[in-house]
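> Got a file for you: my_file-v2.cif, mmCIF, C-alpha atoms and all ligand atoms.
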```cif
data_upload
#
loop_
_atom_site.label_atom_id
_atom_site.label_comp_id
_atom_site.auth_asym_id
_atom_site.auth_seq_id
_atom_site.Cartn_x
_atom_site.Cartn_y
_atom_site.Cartn_z
CA MET A 1 -4.61 96.48 144.40
CA ARG A 2 -1.02 95.43 143.73
CA GLY A 3 0.43 93.39 140.92
CA GLU A 4 2.30 90.34 142.25
CA GLY A 5 5.99 90.85 141.49
CA CYS A 6 5.31 94.03 139.49
CA ILE A 7 8.37 96.27 139.46
CA PHE A 8 6.38 99.45 138.81
CA CYS A 9 4.12 98.68 141.80
CA LYS A 10 7.26 98.52 143.93
CA ILE A 11 8.75 101.71 142.47
CA ALA A 12 5.47 103.64 142.60
CA ASN A 13 4.99 102.70 146.25
CA GLY A 14 8.58 103.49 147.25
CA GLU A 15 9.76 99.91 147.89
CA ILE A 16 12.39 100.29 145.18
CA PRO A 17 14.22 103.63 145.02
CA SER A 18 13.84 105.82 141.96
CA ASN A 19 14.66 109.32 140.80
CA THR A 20 11.30 110.77 141.74
CA LEU A 21 10.24 114.05 140.13
CA TYR A 22 6.81 114.21 141.72
CA GLU A 23 4.69 112.22 144.16
CA ASP A 24 1.18 112.47 145.56
CA GLU A 25 -1.34 110.04 147.07
CA GLY A 26 -2.07 108.31 143.80
CA TYR A 27 0.97 108.78 141.56
CA ARG A 28 4.72 108.87 141.32
CA VAL A 29 6.60 110.40 138.40
CA ILE A 30 10.09 108.99 137.89
CA LEU A 31 13.00 109.36 135.50
CA ASP A 32 13.16 106.49 132.99
CA LEU A 33 16.29 104.35 133.45
CA GLY A 34 16.74 104.04 129.68
CA PRO A 35 15.81 107.52 128.53
CA ALA A 36 15.02 108.38 124.93
CA THR A 37 16.01 111.99 125.66
CA LYS A 38 17.22 114.08 128.60
CA GLY A 39 14.45 114.17 131.19
CA HIS A 40 12.42 111.21 129.84
CA ALA A 41 9.99 110.46 132.65
CA LEU A 42 7.22 108.01 133.47
CA ILE A 43 3.93 108.67 135.24
CA LEU A 44 3.06 105.66 137.41
CA PRO A 45 -0.24 105.18 139.25
CA LYS A 46 0.35 103.65 142.68
CA GLU A 47 -2.45 101.15 142.05
CA HIS A 48 -1.79 98.33 139.62
CA TYR A 49 -3.60 98.59 136.29
CA ALA A 50 -1.99 96.62 133.48
CA ASN A 51 -2.85 99.03 130.69
CA LEU A 52 -5.24 101.73 129.46
CA TYR A 53 -8.11 99.25 129.13
CA GLU A 54 -7.95 98.57 132.87
CA LEU A 55 -7.38 102.17 133.96
CA PRO A 56 -10.55 103.67 135.50
CA ASP A 57 -11.90 106.79 133.74
CA GLU A 58 -11.16 108.92 136.78
CA ASN A 59 -7.47 107.98 136.57
CA CYS A 60 -7.41 108.70 132.84
CA ALA A 61 -8.34 112.29 133.57
CA GLU A 62 -5.85 112.55 136.45
CA VAL A 63 -2.99 111.17 134.35
CA LEU A 64 -3.47 113.74 131.60
CA LYS A 65 -3.68 116.58 134.11
CA LEU A 66 -0.47 115.38 135.72
CA ALA A 67 1.19 115.04 132.30
CA LYS A 68 0.39 118.67 131.61
CA LYS A 69 1.73 119.79 134.98
CA MET A 70 5.01 117.92 134.40
CA ALA A 71 5.28 119.09 130.79
CA VAL A 72 4.97 122.73 131.86
CA ARG A 73 7.64 122.21 134.54
CA MET A 74 10.01 120.42 132.15
CA LYS A 75 9.64 123.10 129.50
CA GLU A 76 10.57 125.70 132.09
CA LYS A 77 13.40 123.80 133.78
CA LEU A 78 14.93 121.77 130.94
CA GLY A 79 14.29 124.21 128.14
CA CYS A 80 12.87 121.50 125.92
CA THR A 81 11.09 122.82 122.84
CA GLY A 82 8.62 119.96 122.46
CA MET A 83 7.11 117.05 124.37
CA ASN A 84 5.85 113.64 123.25
CA LEU A 85 3.35 111.81 125.42
CA VAL A 86 3.65 108.10 124.62
CA GLN A 87 1.58 105.36 126.18
CA ASN A 88 2.00 101.76 125.01
CA ASN A 89 -0.65 99.06 125.48
CA GLY A 90 0.16 95.44 124.69
CA GLU A 91 3.33 93.83 123.43
CA SER A 92 2.47 94.58 119.80
CA ALA A 93 2.46 98.25 120.78
CA GLY A 94 5.84 97.98 122.50
CA GLN A 95 4.67 97.66 126.09
CA THR A 96 7.36 95.89 128.10
CA VAL A 97 6.23 96.64 131.66
CA HIS A 98 2.61 95.64 132.21
CA HIS A 99 1.72 98.30 134.76
CA PHE A 100 0.08 101.34 133.15
CA HIS A 101 2.52 104.18 132.59
CA MET A 102 2.71 107.26 130.46
CA HIS A 103 6.00 108.37 128.96
CA LEU A 104 6.87 112.06 128.99
CA ILE A 105 9.60 112.54 126.39
CA PRO A 106 11.02 116.06 126.26
CA ARG A 107 12.17 117.07 122.78
CA TYR A 108 14.96 119.38 121.74
CA ASP A 109 15.81 121.01 118.43
CA ASP A 110 18.30 118.28 117.51
CA GLY A 111 16.46 116.68 114.59
CA SER A 112 16.17 113.31 116.33
CA ARG A 113 13.27 111.04 115.39
CA ILE A 114 11.57 109.35 118.30
CA VAL A 115 7.95 108.79 117.38
CA SER A 116 7.53 108.44 113.63
CA TRP A 117 5.90 106.30 110.96
CA THR A 118 5.62 106.11 107.21
CA PRO A 119 2.20 107.48 106.27
CA GLY A 120 0.00 104.95 104.44
CA GLU A 121 -2.08 105.84 101.40
CA PRO A 122 -5.50 104.21 101.90
CA SER A 123 -8.27 104.84 99.35
CA ALA A 124 -11.38 106.74 100.38
CA GLU A 125 -13.28 103.40 100.27
CA GLU A 126 -10.78 101.73 102.56
CA LEU A 127 -10.99 104.59 105.07
CA ALA A 128 -14.80 104.37 104.96
CA ARG A 129 -14.67 100.59 105.54
CA ILE A 130 -12.42 101.06 108.57
CA ARG A 131 -14.68 103.80 109.92
CA ASP A 132 -17.69 101.49 109.57
CA THR A 133 -15.82 98.63 111.26
CA ILE A 134 -14.92 100.79 114.26
CA CYS A 135 -18.28 102.56 114.54
CA GLY A 136 -20.59 99.73 113.43
P1 LIG A 201 7.14 100.44 127.79
O1 LIG A 201 7.99 99.91 126.68
O2 LIG A 201 6.12 101.46 127.34
O3 LIG A 201 6.52 99.34 128.63
O4 LIG A 201 8.13 101.26 128.70
C1 LIG A 201 8.84 100.73 129.77
C2 LIG A 201 9.85 101.77 130.17
O5 LIG A 201 10.22 101.53 131.50
C3 LIG A 201 11.12 101.77 129.32
O6 LIG A 201 11.32 103.07 128.77
C4 LIG A 201 12.21 101.40 130.33
O7 LIG A 201 13.41 102.09 130.08
C5 LIG A 201 11.58 101.83 131.64
N1 LIG A 201 12.02 101.09 132.82
C6 LIG A 201 12.06 99.76 132.99
N2 LIG A 201 12.47 99.45 134.25
C7 LIG A 201 12.67 100.64 134.87
C8 LIG A 201 13.08 101.00 136.18
N3 LIG A 201 13.39 100.07 137.11
N4 LIG A 201 13.18 102.31 136.49
C9 LIG A 201 12.89 103.25 135.56
N5 LIG A 201 12.48 102.97 134.31
C10 LIG A 201 12.38 101.68 133.97
ZN ZN A 202 2.05 97.08 139.08
#
```
Written as C-alpha cells, that's how I'd like the structure from this file.
Ligand code: AMP
Ligand code: ZN


Amino acid sequence: MRGEGCIFCKIANGEIPSNTLYEDEGYRVILDLGPATKGHALILPKEHYANLYELPDENCAEVLKLAKKMAVRMKEKLGCTGMNLVQNNGESAGQTVHHFHMHLIPRYDDGSRIVSWTPGEPSAEELARIRDTICG
C-alpha cells in the first residue's frame, strides 16, 4: 500500500535519496532534514500508514524494537546522554507529514528544551472525571 504523492513513501522506498542510517524489508531510518539536535532521525515504515491509529499492532511492536536498536547505536556513536522518542498524530499534535514516523531525538547535556510543557493543576475530582470519560 502506497500513499499517492506521499514523500515519505518515496523516501522509505528509495525513490528519493536520503541519509539512511538503517534499512530492512519493512523500514528505513533516515536523518531528519530539519533536525532538532545532532543525529535527529526518523523511523519510516515502507508501507503507508497515515498515523498511529492506522498502524497495525505488529508494526507498533517492530517500531519500538527498532527505536531501541537505533537509540543504543546513537548513544554509543554520538555520545548523546539522553533520547526523546516523539511521535505526532494529527495536525493538532504537530504532525506535518501524514505518513507514520517516529522521531528519535538524541539529547546532550546542553540544557536545551525540546519536549516540554507547563504542568496543569487539576483537582482530584477533575482527574477522576477524565479517568471515567476515558475508561467508561
Ligand atoms: P512531524 O511534524 O512529526 O510530521 O515531522 C515531520 C518531520 O519530517 C520534520 O521533523 C521535518 O523536518 C521532517 N522532514 C520533512 N521532509 C523531510 C525530508 N524530505 N527528509 C527528511 N526529513 C524530512
Ligand atoms: Zn506514505

> Hey, which residues sit close to ligand LIG 201 (chain A)? Say within 8 Å, counting only C-alpha atoms and all ligand atoms, and write them as a list of chain:residue names.

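For ligand LIG 201 (chain A), the residues inside 8 Å are A:Ile7, A:Phe8, A:Ile11, A:Ser18, A:Ile30, A:Leu31, A:Asp32, A:Leu33, A:Gly34, A:Pro35, A:Ala36, A:Leu42, A:Val86, A:Gln87, A:Asn88, A:Asn89, A:Gly94, A:Gln95, A:Thr96, A:Val97, A:His98, A:His99, A:His101, A:Met102, A:His103.
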
> Which value, in Å to one decimal, gives the distance between atom CA of Gly26 of chain A and atom CA of Cys9 of chain A?

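We find that atom CA of Gly26 of chain A and atom CA of Cys9 of chain A lie 11.6 Å from each other.
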
> Using 8 Å as the limit and counting all atoms listed in the file, can you tabulate each residue of chain A that touches ligand ZN 202 (chain A), with its shortest atom-to-atom distance in Å and the two atoms involved, as a tab-separated table?


```
residue	atom	partner	partner_atom	distance
A:Arg2	CA	A:ZN202	ZN	5.8
A:Gly3	CA	A:ZN202	ZN	4.4
A:Glu4	CA	A:ZN202	ZN	7.5
A:Gly5	CA	A:ZN202	ZN	7.8
A:Cys6	CA	A:ZN202	ZN	4.5
A:Ile7	CA	A:ZN202	ZN	6.4
A:Phe8	CA	A:ZN202	ZN	4.9
A:Cys9	CA	A:ZN202	ZN	3.8
A:Lys10	CA	A:ZN202	ZN	7.3
A:Lys46	CA	A:ZN202	ZN	7.7
A:Glu47	CA	A:ZN202	ZN	6.8
A:His48	CA	A:ZN202	ZN	4.1
A:Tyr49	CA	A:ZN202	ZN	6.5
A:Ala50	CA	A:ZN202	ZN	6.9
A:His98	CA	A:ZN202	ZN	7.0
A:His99	CA	A:ZN202	ZN	4.5
A:Phe100	CA	A:ZN202	ZN	7.6
```

> Calculate how many Å separate atom CA of Glu76 of chain A from atom CA of Tyr108 of chain A, rounding to one decimal.

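Separation of atom CA of Glu76 of chain A and atom CA of Tyr108 of chain A: 12.9 Å.
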
> Could you tell me how far atom CA of Met83 of chain A sits from atom CA of Arg107 of chain A, in Å to one decimal place?

5.3 Å

> Nearest to Lys75 of chain A: which of A:Val29, A:Ala128, A:Ile43, A:Ile105 is it, counting all atoms listed in the file?

A:Ile105
